[in-house]
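Just upload.cif here, mmCIF, C-alpha atoms:
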data_model
loop_
_atom_site.label_atom_id
_atom_site.label_comp_id
_atom_site.auth_asym_id
_atom_site.auth_seq_id
_atom_site.Cartn_x
_atom_site.Cartn_y
_atom_site.Cartn_z
CA MET J 17 71.92 -3.21 112.13
CA VAL J 18 68.18 -3.84 112.03
CA ASN J 19 66.81 -6.96 110.42
CA PRO J 20 63.01 -6.47 110.07
CA GLU J 21 61.13 -9.75 110.06
CA THR J 22 57.49 -9.02 110.98
CA ALA J 23 55.12 -6.86 108.93
CA PRO J 24 55.01 -4.00 111.51
CA GLN J 25 58.80 -3.96 111.66
CA LYS J 26 59.02 -3.76 107.87
CA VAL J 27 56.54 -0.88 107.76
CA GLU J 28 58.48 0.95 110.47
CA ALA J 29 61.78 0.35 108.67
CA LEU J 30 60.33 1.59 105.38
CA ASP J 31 58.97 4.72 107.10
CA THR J 32 62.47 5.34 108.46
CA LEU J 33 63.89 5.17 104.95
CA MET J 34 61.22 7.50 103.55
CA GLU J 35 61.87 10.06 106.29
CA LYS J 36 65.59 9.97 105.56
CA ALA J 37 64.89 10.37 101.83
CA GLU J 38 62.76 13.45 102.50
CA VAL J 39 65.53 15.01 104.59
CA GLN J 40 68.50 14.42 102.26
CA GLY J 41 66.60 14.16 98.97
CA TYR J 42 67.88 10.67 98.11
CA LEU J 43 68.88 7.30 99.56
CA THR J 44 72.21 5.57 99.20
CA THR J 45 72.64 1.82 98.92
CA GLY J 46 74.32 1.98 102.33
CA ASP J 47 71.19 3.56 103.84
CA ILE J 48 69.07 0.71 102.47
CA LEU J 49 71.53 -1.96 103.63
CA GLU J 50 71.49 -0.58 107.15
CA VAL J 51 67.74 -1.07 107.44
CA PHE J 52 67.21 -4.06 105.12
CA PRO J 53 70.35 -6.28 105.20
CA TRP J 54 70.85 -8.39 102.08
CA ASP J 55 72.53 -11.83 102.15
CA GLY J 56 73.23 -11.98 98.39
CA GLU J 57 70.62 -14.66 97.77
CA ASP J 58 67.17 -13.15 98.38
CA ASP J 59 67.24 -10.85 95.37
CA GLU J 60 63.44 -11.02 94.99
CA ARG J 61 62.99 -9.04 98.21
CA LEU J 62 65.66 -6.61 97.10
CA MET J 63 63.98 -6.01 93.73
CA GLU J 64 60.59 -5.44 95.38
CA LEU J 65 62.15 -2.90 97.73
CA PHE J 66 63.86 -0.96 94.93
CA GLY J 67 60.67 -1.02 92.86
CA LEU J 68 58.65 0.34 95.79
CA LEU J 69 61.14 3.13 96.46
CA HIS J 70 61.26 3.98 92.76
CA ARG J 71 57.45 4.25 92.59
CA GLN J 72 57.58 6.59 95.59
CA GLY J 73 59.89 8.87 93.60
CA VAL J 74 62.98 8.16 95.72
CA GLU J 75 66.34 8.54 93.96
CA ILE J 76 68.78 5.76 94.82
CA VAL J 77 72.49 6.62 94.74
CA ILE J 78 75.21 3.94 94.63
CA GLU J 79 77.33 4.68 97.68
CA GLU J 80 81.08 4.90 97.35
CA ASP J 81 82.86 2.38 99.58
CA THR J 82 85.29 4.64 101.45
CA ASP J 83 85.74 2.45 104.52
CA ALA J 84 89.42 1.74 104.99
CA GLU J 85 90.86 -1.32 106.64
CA PRO J 86 94.07 -0.89 108.66
CA ASP J 87 97.32 -2.34 107.38
CA LEU J 88 96.01 -3.09 103.90
CA THR J 89 98.47 -3.91 101.16
CA LYS J 90 99.47 -0.90 99.12
CA LEU J 91 98.37 -0.45 95.54
CA GLU J 92 101.85 -1.24 94.26
CA SER J 93 101.61 -4.77 95.69
CA SER J 94 99.01 -5.64 93.06
CA GLY J 95 101.79 -5.67 90.48
CA LEU J 96 99.97 -3.23 88.21
CA ASP J 97 101.12 0.19 87.08
CA LEU J 98 97.72 1.85 87.41
CA ASN J 99 96.87 5.43 86.63
CA PRO J 100 93.99 6.35 88.96
CA SER J 101 92.66 8.91 86.51
CA ILE J 102 91.65 6.24 84.01
CA LEU J 103 89.55 4.49 86.63
CA GLU J 104 87.13 7.37 87.05
CA THR J 105 83.76 7.18 85.37
CA SER J 106 84.80 10.06 83.11
CA PHE J 107 87.92 8.35 81.77
CA LEU J 108 86.92 8.29 78.09
CA PRO J 109 88.99 11.29 76.88
CA SER J 110 92.19 10.02 78.54
CA LEU J 111 92.46 6.66 76.75
CA GLU J 112 94.11 7.73 73.53
CA ASN J 113 97.75 7.20 74.46
CA ILE J 114 97.95 3.82 76.20
CA SER J 115 101.00 1.58 76.22
CA ALA J 116 100.65 -1.86 74.67
CA ASP J 117 101.97 -3.30 77.95
CA ASP J 118 99.20 -1.69 80.01
CA SER J 119 96.63 -4.49 80.04
CA VAL J 120 94.24 -2.56 82.28
CA GLY J 121 94.38 0.52 80.09
CA LEU J 122 93.80 -1.54 76.95
CA TYR J 123 90.81 -3.19 78.57
CA LEU J 124 89.34 0.17 79.56
CA LYS J 125 89.91 1.53 76.08
CA GLU J 126 88.20 -1.45 74.52
CA MET J 127 85.12 -1.25 76.71
CA SER J 128 84.85 2.53 76.31
CA ARG J 129 83.86 2.03 72.68
CA VAL J 130 80.37 0.98 73.79
CA PRO J 131 78.41 4.07 74.90
CA LEU J 132 76.44 4.16 78.11
CA LEU J 133 72.76 3.29 77.93
CA SER J 134 69.73 5.40 78.73
CA LEU J 135 66.81 3.98 80.70
CA GLU J 136 64.84 3.48 77.48
CA GLU J 137 67.72 1.60 75.87
CA GLU J 138 68.08 -0.64 78.91
CA VAL J 139 64.38 -1.49 78.78
CA SER J 140 64.60 -2.17 75.04
CA LEU J 141 67.54 -4.56 75.46
CA ALA J 142 65.87 -6.29 78.42
CA GLN J 143 62.72 -6.80 76.34
CA ARG J 144 64.74 -8.35 73.52
CA ILE J 145 66.42 -10.69 76.02
CA GLU J 146 63.05 -11.68 77.46
CA ARG J 147 61.62 -12.36 74.00
CA ALA J 148 64.63 -14.55 73.28
CA LYS J 149 63.96 -16.58 76.43
CA GLN J 150 60.35 -17.08 75.40
CA ALA J 151 61.38 -18.02 71.86
CA LYS J 152 63.89 -20.54 73.18
CA ALA J 153 61.18 -22.15 75.31
CA ARG J 154 58.84 -22.35 72.30
CA LEU J 155 61.60 -23.76 70.11
CA THR J 156 62.29 -26.49 72.66
CA LYS J 157 58.65 -27.55 72.60
CA LEU J 158 58.37 -27.31 68.81
CA SER J 159 58.14 -30.72 67.17
CA VAL J 160 60.60 -31.90 64.55
CA LYS J 161 57.88 -31.65 61.91
CA GLY J 162 57.03 -28.09 62.94
CA SER J 163 56.94 -25.19 60.52
CA LEU J 164 60.35 -24.41 59.07
CA ARG J 165 59.42 -20.76 58.79
CA LEU J 166 58.41 -20.59 62.48
CA ARG J 167 61.61 -22.33 63.49
CA GLN J 168 63.73 -19.84 61.56
CA GLU J 169 61.75 -16.97 63.06
CA LEU J 170 62.32 -18.25 66.60
CA GLU J 171 66.02 -18.81 65.94
CA GLY J 172 66.26 -15.24 64.68
CA ILE J 173 64.66 -13.92 67.88
CA ILE J 174 67.05 -16.03 69.96
CA GLN J 175 70.05 -14.68 68.08
CA ASP J 176 68.76 -11.12 68.53
CA GLY J 177 68.49 -11.81 72.27
CA VAL J 178 72.09 -12.99 72.36
CA LEU J 179 73.22 -9.75 70.73
CA ALA J 180 71.09 -7.70 73.14
CA ARG J 181 72.60 -9.54 76.11
CA GLU J 182 76.14 -8.88 74.86
CA HIS J 183 75.30 -5.21 74.31
CA LEU J 184 73.86 -4.82 77.81
CA ILE J 185 76.92 -6.48 79.35
CA LYS J 186 79.49 -4.49 77.37
CA ALA J 187 77.71 -1.20 78.05
CA ASN J 188 77.99 -1.80 81.80
CA THR J 189 81.57 -3.06 82.07
CA ARG J 190 82.61 0.39 83.26
CA LEU J 191 80.35 -0.16 86.25
CA VAL J 192 82.39 -3.28 87.08
CA VAL J 193 85.61 -1.26 87.04
CA SER J 194 84.00 1.44 89.21
CA VAL J 195 83.13 -1.17 91.85
CA ALA J 196 86.29 -3.27 91.50
CA LYS J 197 88.69 -0.37 92.02
CA LYS J 198 87.40 0.03 95.59
CA TYR J 199 88.71 -3.44 96.45
CA ILE J 200 92.28 -2.97 95.16
CA GLY J 201 94.90 -4.08 97.67
CA ARG J 202 92.84 -6.79 99.39
CA GLY J 203 94.80 -9.77 98.15
CA VAL J 204 93.34 -10.19 94.63
CA ALA J 205 94.82 -8.63 91.49
CA PHE J 206 92.83 -5.84 89.89
CA LEU J 207 92.22 -7.69 86.64
CA ASP J 208 90.97 -10.69 88.62
CA LEU J 209 88.58 -8.42 90.49
CA ILE J 210 87.25 -7.15 87.16
CA GLN J 211 86.85 -10.71 85.92
CA GLU J 212 84.89 -11.72 89.01
CA GLY J 213 82.80 -8.56 88.73
CA ASN J 214 81.99 -9.41 85.12
CA LEU J 215 80.62 -12.76 86.29
CA GLY J 216 78.33 -10.89 88.68
CA LEU J 217 77.32 -8.54 85.87
CA MET J 218 76.35 -11.48 83.64
CA LYS J 219 74.32 -12.97 86.47
CA ALA J 220 72.55 -9.64 86.96
CA VAL J 221 71.69 -9.54 83.24
CA SER J 222 70.14 -12.99 83.41
CA LYS J 223 68.06 -12.11 86.51
CA PHE J 224 67.13 -8.51 85.74
CA GLU J 225 63.41 -7.70 85.47
CA TYR J 226 62.87 -4.39 83.72
CA GLN J 227 59.19 -4.36 84.75
CA ARG J 228 60.25 -3.34 88.25
CA GLY J 229 61.01 0.12 86.92
CA PHE J 230 64.49 0.81 88.30
CA ARG J 231 67.81 1.20 86.54
CA PHE J 232 69.84 -1.87 85.65
CA SER J 233 73.04 -0.35 87.05
CA THR J 234 71.47 -0.09 90.51
CA TYR J 235 70.52 -3.78 90.53
CA ALA J 236 73.74 -4.97 88.87
CA THR J 237 75.91 -3.25 91.48
CA TRP J 238 74.68 -5.67 94.13
CA TRP J 239 75.63 -8.75 92.12
CA ILE J 240 78.99 -7.27 91.13
CA ARG J 241 79.85 -6.54 94.75
CA GLN J 242 78.65 -9.98 95.80
CA THR J 243 80.91 -11.87 93.37
CA ILE J 244 83.90 -9.61 94.10
CA THR J 245 83.62 -9.95 97.88
CA ARG J 246 83.20 -13.71 97.58
CA SER J 247 86.27 -13.97 95.36
CA ILE J 248 88.28 -11.97 97.91
CA ALA J 249 87.11 -14.30 100.68
CA ASP J 250 87.99 -17.38 98.60
CA GLN J 251 91.26 -16.31 96.98
CA SER J 252 92.93 -13.56 98.99
CA ARG J 253 94.13 -15.76 101.86
CA THR J 254 96.09 -18.98 102.12
CA ILE J 255 93.51 -20.17 104.67
CA ARG J 256 90.01 -19.34 103.46
CA ILE J 257 87.74 -17.34 105.74
CA PRO J 258 83.95 -17.77 105.30
CA VAL J 259 82.10 -14.82 103.79
CA HIS J 260 80.07 -14.17 106.95
CA MET J 261 83.32 -13.99 108.94
CA THR J 262 84.80 -11.61 106.38
CA ASP J 263 81.77 -9.35 106.89
CA ARG J 264 82.35 -9.39 110.66
CA LEU J 265 85.99 -8.45 110.17
CA ARG J 266 84.94 -5.57 107.91
CA ILE J 267 82.66 -4.31 110.69
CA MET J 268 85.57 -4.55 113.14
CA TYR J 269 87.92 -2.72 110.73
CA LYS J 270 85.33 -0.01 110.13
CA ALA J 271 84.76 0.50 113.85
CA ALA J 272 88.51 0.60 114.57
CA HIS J 273 89.03 3.17 111.81
CA LYS J 274 86.12 5.29 113.11
CA LEU J 275 87.40 5.24 116.70
CA GLU J 276 90.95 6.02 115.61
CA GLN J 277 89.69 9.06 113.70
CA SER J 278 87.69 10.19 116.75
CA PHE J 279 90.35 9.65 119.43
CA GLY J 280 93.44 10.36 117.39
CA ARG J 281 94.94 7.04 118.53
CA PRO J 282 94.28 3.32 118.04
CA PRO J 283 91.30 2.19 120.15
CA THR J 284 91.69 -0.17 123.08
CA GLN J 285 90.03 -3.58 123.10
CA ASP J 286 87.46 -2.35 125.63
CA GLU J 287 86.49 0.56 123.38
CA LEU J 288 86.31 -1.67 120.31
CA CYS J 289 84.18 -4.26 122.15
CA LEU J 290 81.75 -1.53 123.21
CA GLU J 291 81.57 -0.12 119.67
CA ILE J 292 80.79 -3.38 117.84
CA GLY J 293 78.91 -5.05 120.70
CA VAL J 294 80.95 -8.21 121.27
CA CYS J 295 82.68 -9.70 124.31
CA HIS J 296 86.45 -9.70 124.82
CA ASP J 297 86.83 -13.38 123.95
CA LYS J 298 84.95 -12.87 120.68
CA LEU J 299 87.06 -9.84 119.78
CA ARG J 300 90.33 -11.65 120.52
CA TRP J 301 89.15 -14.53 118.34
CA MET J 302 88.30 -12.13 115.48
CA ILE J 303 91.74 -10.50 115.76
CA GLU J 304 93.36 -13.93 115.67
CA VAL J 305 91.37 -14.91 112.58
CA ALA J 306 92.28 -11.63 110.86
CA ARG J 307 96.00 -12.43 110.97
CA ILE J 308 97.45 -13.18 107.54
CA PRO J 309 99.65 -16.31 107.26
CA VAL J 310 103.25 -15.74 106.22
CA SER J 311 105.33 -18.31 104.35
CA LEU J 312 108.36 -19.68 106.20
CA GLU J 313 110.23 -19.33 102.92
CA SER J 314 109.66 -15.57 102.77
CA PRO J 315 112.99 -13.72 102.37
CA VAL J 316 114.17 -11.61 105.29
CA GLY J 317 116.20 -8.47 104.80
CA ASP J 318 117.86 -7.31 101.60
CA GLU J 319 119.63 -10.60 100.92
CA ASP J 320 117.71 -13.48 99.34
CA ASP J 321 119.70 -16.17 101.13
CA THR J 322 117.92 -15.65 104.48
CA GLU J 323 114.40 -16.98 105.05
CA LEU J 324 111.91 -16.41 107.84
CA GLY J 325 111.92 -20.10 108.75
CA MET J 326 115.53 -19.79 109.88
CA PHE J 327 114.40 -17.58 112.79
CA VAL J 328 111.45 -19.72 113.92
CA GLU J 329 112.06 -22.33 116.59
CA ASP J 330 111.13 -25.89 115.65
CA THR J 331 109.46 -27.26 118.77
CA ILE J 332 108.65 -30.65 117.18
CA THR J 333 112.01 -31.87 115.89
CA PRO J 334 114.37 -32.79 118.78
CA SER J 335 117.45 -30.64 119.19
CA PRO J 336 120.87 -32.17 118.41
CA SER J 337 121.74 -32.27 122.12
CA GLN J 338 118.47 -34.05 122.96
CA THR J 339 119.04 -36.56 120.14
CA THR J 340 122.55 -37.29 121.44
CA TYR J 341 121.24 -37.67 124.99
CA ASP J 342 118.53 -40.12 123.86
CA ASN J 343 121.01 -42.22 121.87
CA MET J 344 123.45 -42.44 124.79
CA LEU J 345 120.64 -43.42 127.18
CA ARG J 346 119.43 -46.11 124.77
CA GLU J 347 122.95 -47.57 124.51
CA ARG J 348 123.36 -47.54 128.30
CA VAL J 349 119.99 -49.29 128.83
CA GLU J 350 120.96 -51.98 126.33
CA GLN J 351 124.29 -52.35 128.15
CA VAL J 352 122.51 -52.90 131.47
CA LEU J 353 119.94 -55.31 130.00
CA SER J 354 122.73 -57.38 128.49
CA THR J 355 123.79 -58.33 132.05
CA LEU J 356 120.41 -60.07 132.56
CA SER J 357 119.29 -63.38 131.12
CA PRO J 358 117.87 -63.23 127.59
CA ARG J 359 114.34 -64.03 128.85
CA GLU J 360 114.43 -61.36 131.56
CA ALA J 361 115.79 -58.76 129.15
CA ARG J 362 113.11 -59.58 126.55
CA ILE J 363 110.31 -59.41 129.12
CA LEU J 364 111.47 -55.96 130.32
CA ARG J 365 111.75 -54.70 126.72
CA LEU J 366 108.18 -55.82 126.01
CA ARG J 367 106.71 -54.56 129.28
CA PHE J 368 108.26 -51.07 128.98
CA GLY J 369 107.94 -50.70 125.19
CA LEU J 370 111.67 -50.56 124.50
CA GLU J 371 111.37 -52.49 121.22
CA ASN J 372 108.70 -50.60 119.29
CA GLY J 373 107.39 -47.99 121.72
CA HIS J 374 104.35 -50.12 122.59
CA PRO J 375 104.23 -51.47 126.19
CA TYR J 376 102.64 -54.93 126.44
CA THR J 377 100.40 -56.15 129.28
CA LEU J 378 101.29 -59.12 131.47
CA GLU J 379 98.76 -61.24 129.61
CA GLU J 380 100.16 -60.30 126.17
CA VAL J 381 103.73 -61.08 127.28
CA GLY J 382 102.53 -64.37 128.76
CA HIS J 383 101.04 -65.39 125.40
CA LYS J 384 104.39 -64.76 123.71
CA PHE J 385 106.30 -66.93 126.21
CA GLY J 386 103.57 -69.48 126.91
CA LEU J 387 103.48 -68.53 130.61
CA THR J 388 100.82 -67.26 132.98
CA ARG J 389 100.37 -63.61 133.94
CA GLU J 390 101.54 -64.36 137.45
CA ARG J 391 104.71 -66.03 136.25
CA ILE J 392 105.55 -63.08 133.97
CA ARG J 393 104.98 -60.71 136.92
CA GLN J 394 107.38 -62.74 139.05
CA ILE J 395 110.10 -62.77 136.37
CA GLU J 396 109.66 -59.01 135.84
CA GLY J 397 109.94 -58.31 139.57
CA LYS J 398 113.08 -60.43 139.84
CA ALA J 399 114.69 -58.67 136.85
CA LEU J 400 113.95 -55.22 138.30
CA ARG J 401 115.47 -56.20 141.65
CA ARG J 402 118.63 -57.32 139.84
CA LEU J 403 118.79 -53.95 138.05
CA ARG J 404 118.78 -52.20 141.44
CA HIS J 405 122.10 -53.84 142.29
CA PRO J 406 124.73 -51.09 142.79
CA PHE J 407 126.86 -52.53 140.00
CA ARG J 408 124.09 -52.04 137.44
CA ALA J 409 122.38 -49.02 139.00
CA ARG J 410 125.49 -46.85 138.82
CA LEU J 411 125.43 -47.13 135.00
CA LEU J 412 122.00 -45.41 134.85
CA ARG J 413 122.24 -43.11 137.90
CA GLU J 414 123.59 -40.14 135.91
CA TYR J 415 120.46 -40.17 133.69
CA LEU J 416 118.03 -39.84 136.60
#
Before we go any further, please render this structure as structure tokens.
Amino acid sequence: MVNPETAPQKVEALDTLMEKAEVQGYLTTGDILEVFPWDGEDDERLMELFGLLHRQGVEIVIEEDTDAEPDLTKLESSGLDLNPSILETSFLPSLENISADDSVGLYLKEMSRVPLLSLEEEVSLAQRIERAKQAKARLTKLSVKGSLRLRQELEGIIQDGVLAREHLIKANTRLVVSVAKKYIGRGVAFLDLIQEGNLGLMKAVSKFEYQRGFRFSTYATWWIRQTITRSIADQSRTIRIPVHMTDRLRIMYKAAHKLEQSFGRPPTQDELCLEIGVCHDKLRWMIEVARIPVSLESPVGDEDDTELGMFVEDTITPSPSQTTYDNMLRERVEQVLSTLSPREARILRLRFGLENGHPYTLEEVGHKFGLTRERIRQIEGKALRRLRHPFRARLLREYL
């Protein structure tokens, strides 16, 4: 993917787009993304590019997202009984007989009541919204003693702008569904995808500049996709993956799907590394990140009384045999220490951390007994020699 930074690079990239437009008669959003990547924030550059292409007479087509990711959740996992026919852009005639339990169908039927807008209608609504913004700014600066008639006039313009904004949003909700349906099965419910897409649509309405000369639907698609992909990155996984990492995984999925179609088999790691241009360590890390966490409480098999956690070894909690062994060793050590004098036994417990797991230094033990380090060392040495006596050593020999 090219990322033009300097002026000559931008001119060369634009010439590449114009040549491709002359050959195929149009440009898709994917063609533009390939040459001018967009990070979702620099919309000013995006709007300038679309305006320039529009003035050159280039038709821009919203590209269908047909890239498939392997092992994606099936449509049924979304919990919705969807009829794919009602998700097409020409679904209006098929919305008459919809069940009251079909929330998606009811939503589509409700939004289909607002007809699609022509370019002239979009411009008219955008102008009303802009006038409302200007009126709101004037009303804010208007003094309390200002003209009552002017205030009422400005409030009327603001209210008209609110209605225009609602109209522009409702007339483009079908665009949200058209984009959202391509992301079904990626960990977020379809209605939630629509909700997130609507947030992007509202943001596009607030940032749209009709003076640029291109259709609102073309600009809004970018914001809709941005909010949907971010919601998938934030909500689809138990452990969140950053958006830039999600984009890298999509590139990996796309390359794997392409190679599998070409070879008729899953690609090897070497082939995949060569295709996406990363090293083996990077690819293995991406594959590891792509794994989806599974709950230990997930049921296994047809019966609900068996959980996955029952088959996973617990390497942290000691086994019953190890616990029994440790308890027997602790009792045997206490038995051996009881044959020493109380002071010797206490010094050994402190020095080897038998009381609280914390071994004390000679100086720390000396402070507790009011003795010097050297004296504590002598008592410790004497106690250890007594423990080596065959009578005491045989009690611990079997644990060595």
Name the residues that the PyMOL selection byres ((chain J and resi 251-266) around 9) pulls out of this structure, and write them as a CSV table (one decimal) with C-alpha atoms, in the coordinates of the input.
chain,number,residue,atom,x,y,z
J,83,ASP,CA,85.7,2.4,104.5
J,85,GLU,CA,90.9,-1.3,106.6
J,202,ARG,CA,92.8,-6.8,99.4
J,203,GLY,CA,94.8,-9.8,98.2
J,204,VAL,CA,93.3,-10.2,94.6
J,245,THR,CA,83.6,-10.0,97.9
J,246,ARG,CA,83.2,-13.7,97.6
J,247,SER,CA,86.3,-14.0,95.4
J,248,ILE,CA,88.3,-12.0,97.9
J,249,ALA,CA,87.1,-14.3,100.7
J,250,ASP,CA,88.0,-17.4,98.6
J,267,ILE,CA,82.7,-4.3,110.7
J,268,MET,CA,85.6,-4.6,113.1
J,269,TYR,CA,87.9,-2.7,110.7
J,270,LYS,CA,85.3,0.0,110.1
J,271,ALA,CA,84.8,0.5,113.8
J,302,MET,CA,88.3,-12.1,115.5
J,303,ILE,CA,91.7,-10.5,115.8
J,305,VAL,CA,91.4,-14.9,112.6
J,306,ALA,CA,92.3,-11.6,110.9
J,308,ILE,CA,97.4,-13.2,107.5
J,309,PRO,CA,99.6,-16.3,107.3
J,310,VAL,CA,103.2,-15.7,106.2
Exercise for the section: I need the residue set behind the PyMOL selection byres ((chain J and resi 400-408) around 9) for this file; please write it as a ChimeraX atom specification. Expected result: /J:352-353,355-356,364,395-399,409-412
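Counting from atom CA of J:Leu65, the distance to atom CA of J:Met218 is 21.8 Å.
Between atom CA of J:Arg346 and atom CA of J:Leu366 there is a distance of 14.9 Å.
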What separates atom CA of J:Ala361 and atom CA of J:Glu414 is a distance of 21.3 Å
Applying 10 Å and all atoms listed in the file, which residues near J:Val130 remain after dropping the ones on its own chain fewer than 4 positions away? List them as a short mmCIF file (atom, residue, chain, number, x, y, z; two decimals) with C-alpha atoms, keeping the file's coordinate frame.
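The result, stored in selection.cif:
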data_model
loop_
_atom_site.label_atom_id
_atom_site.label_comp_id
_atom_site.auth_asym_id
_atom_site.auth_seq_id
_atom_site.Cartn_x
_atom_site.Cartn_y
_atom_site.Cartn_z
CA LYS J 125 89.91 1.53 76.08
CA GLU J 126 88.20 -1.45 74.52
CA HIS J 183 75.30 -5.21 74.31
CA LEU J 184 73.86 -4.82 77.81
CA ILE J 185 76.92 -6.48 79.35
CA LYS J 186 79.49 -4.49 77.37
CA ALA J 187 77.71 -1.20 78.05
CA ASN J 188 77.99 -1.80 81.80
CA THR J 189 81.57 -3.06 82.07
CA ARG J 190 82.61 0.39 83.26
#
Identify all residues satisfying the PyMOL selection byres ((chain J and resi 151) around 9) in the given file; provide them as number ranges by chain.
J: 146-150, 152-156, 169-171, 173-174
What's the 9 Å shell around stretch 214-217 of chain J, counting only C-alpha atoms, without same-chain residues fewer than 6 positions away, as an mmCIF file with C-alpha atoms, in the frame of the given file?
data_model
loop_
_atom_site.group_PDB
_atom_site.id
_atom_site.type_symbol
_atom_site.label_atom_id
_atom_site.label_comp_id
_atom_site.auth_asym_id
_atom_site.auth_seq_id
_atom_site.Cartn_x
_atom_site.Cartn_y
_atom_site.Cartn_z
ATOM 1 C CA ILE J 185 76.920 -6.480 79.350
ATOM 2 C CA ASN J 188 77.990 -1.800 81.800
ATOM 3 C CA THR J 189 81.570 -3.060 82.070
ATOM 4 C CA LEU J 191 80.350 -0.160 86.250
ATOM 5 C CA VAL J 192 82.390 -3.280 87.080
ATOM 6 C CA ALA J 236 73.740 -4.970 88.870
ATOM 7 C CA THR J 237 75.910 -3.250 91.480
ATOM 8 C CA TRP J 238 74.680 -5.670 94.130
ATOM 9 C CA TRP J 239 75.630 -8.750 92.120
ATOM 10 C CA ILE J 240 78.990 -7.270 91.130
ATOM 11 C CA ARG J 241 79.850 -6.540 94.750
ATOM 12 C CA GLN J 242 78.650 -9.980 95.800
ATOM 13 C CA THR J 243 80.910 -11.870 93.370
ATOM 14 C CA ILE J 244 83.900 -9.610 94.100
#
Edge lengths and centre, in Å to one decimal, as AutoDock Vina command-line options: that's what I need for the box along x, y and z that holds all listed atoms of stretch 173-183 of chain J plus 5 Å on each side.
--center_x 70.4 --center_y -10.6 --center_z 72.0 --size_x 21.5 --size_y 20.8 --size_z 18.2
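Residue nearest J:Gly213 within the list J:Gln227, J:Ser278, J:Thr32, J:Ser194: J:Ser194 [criterion: smallest interatomic distance, all atoms listed in the file].
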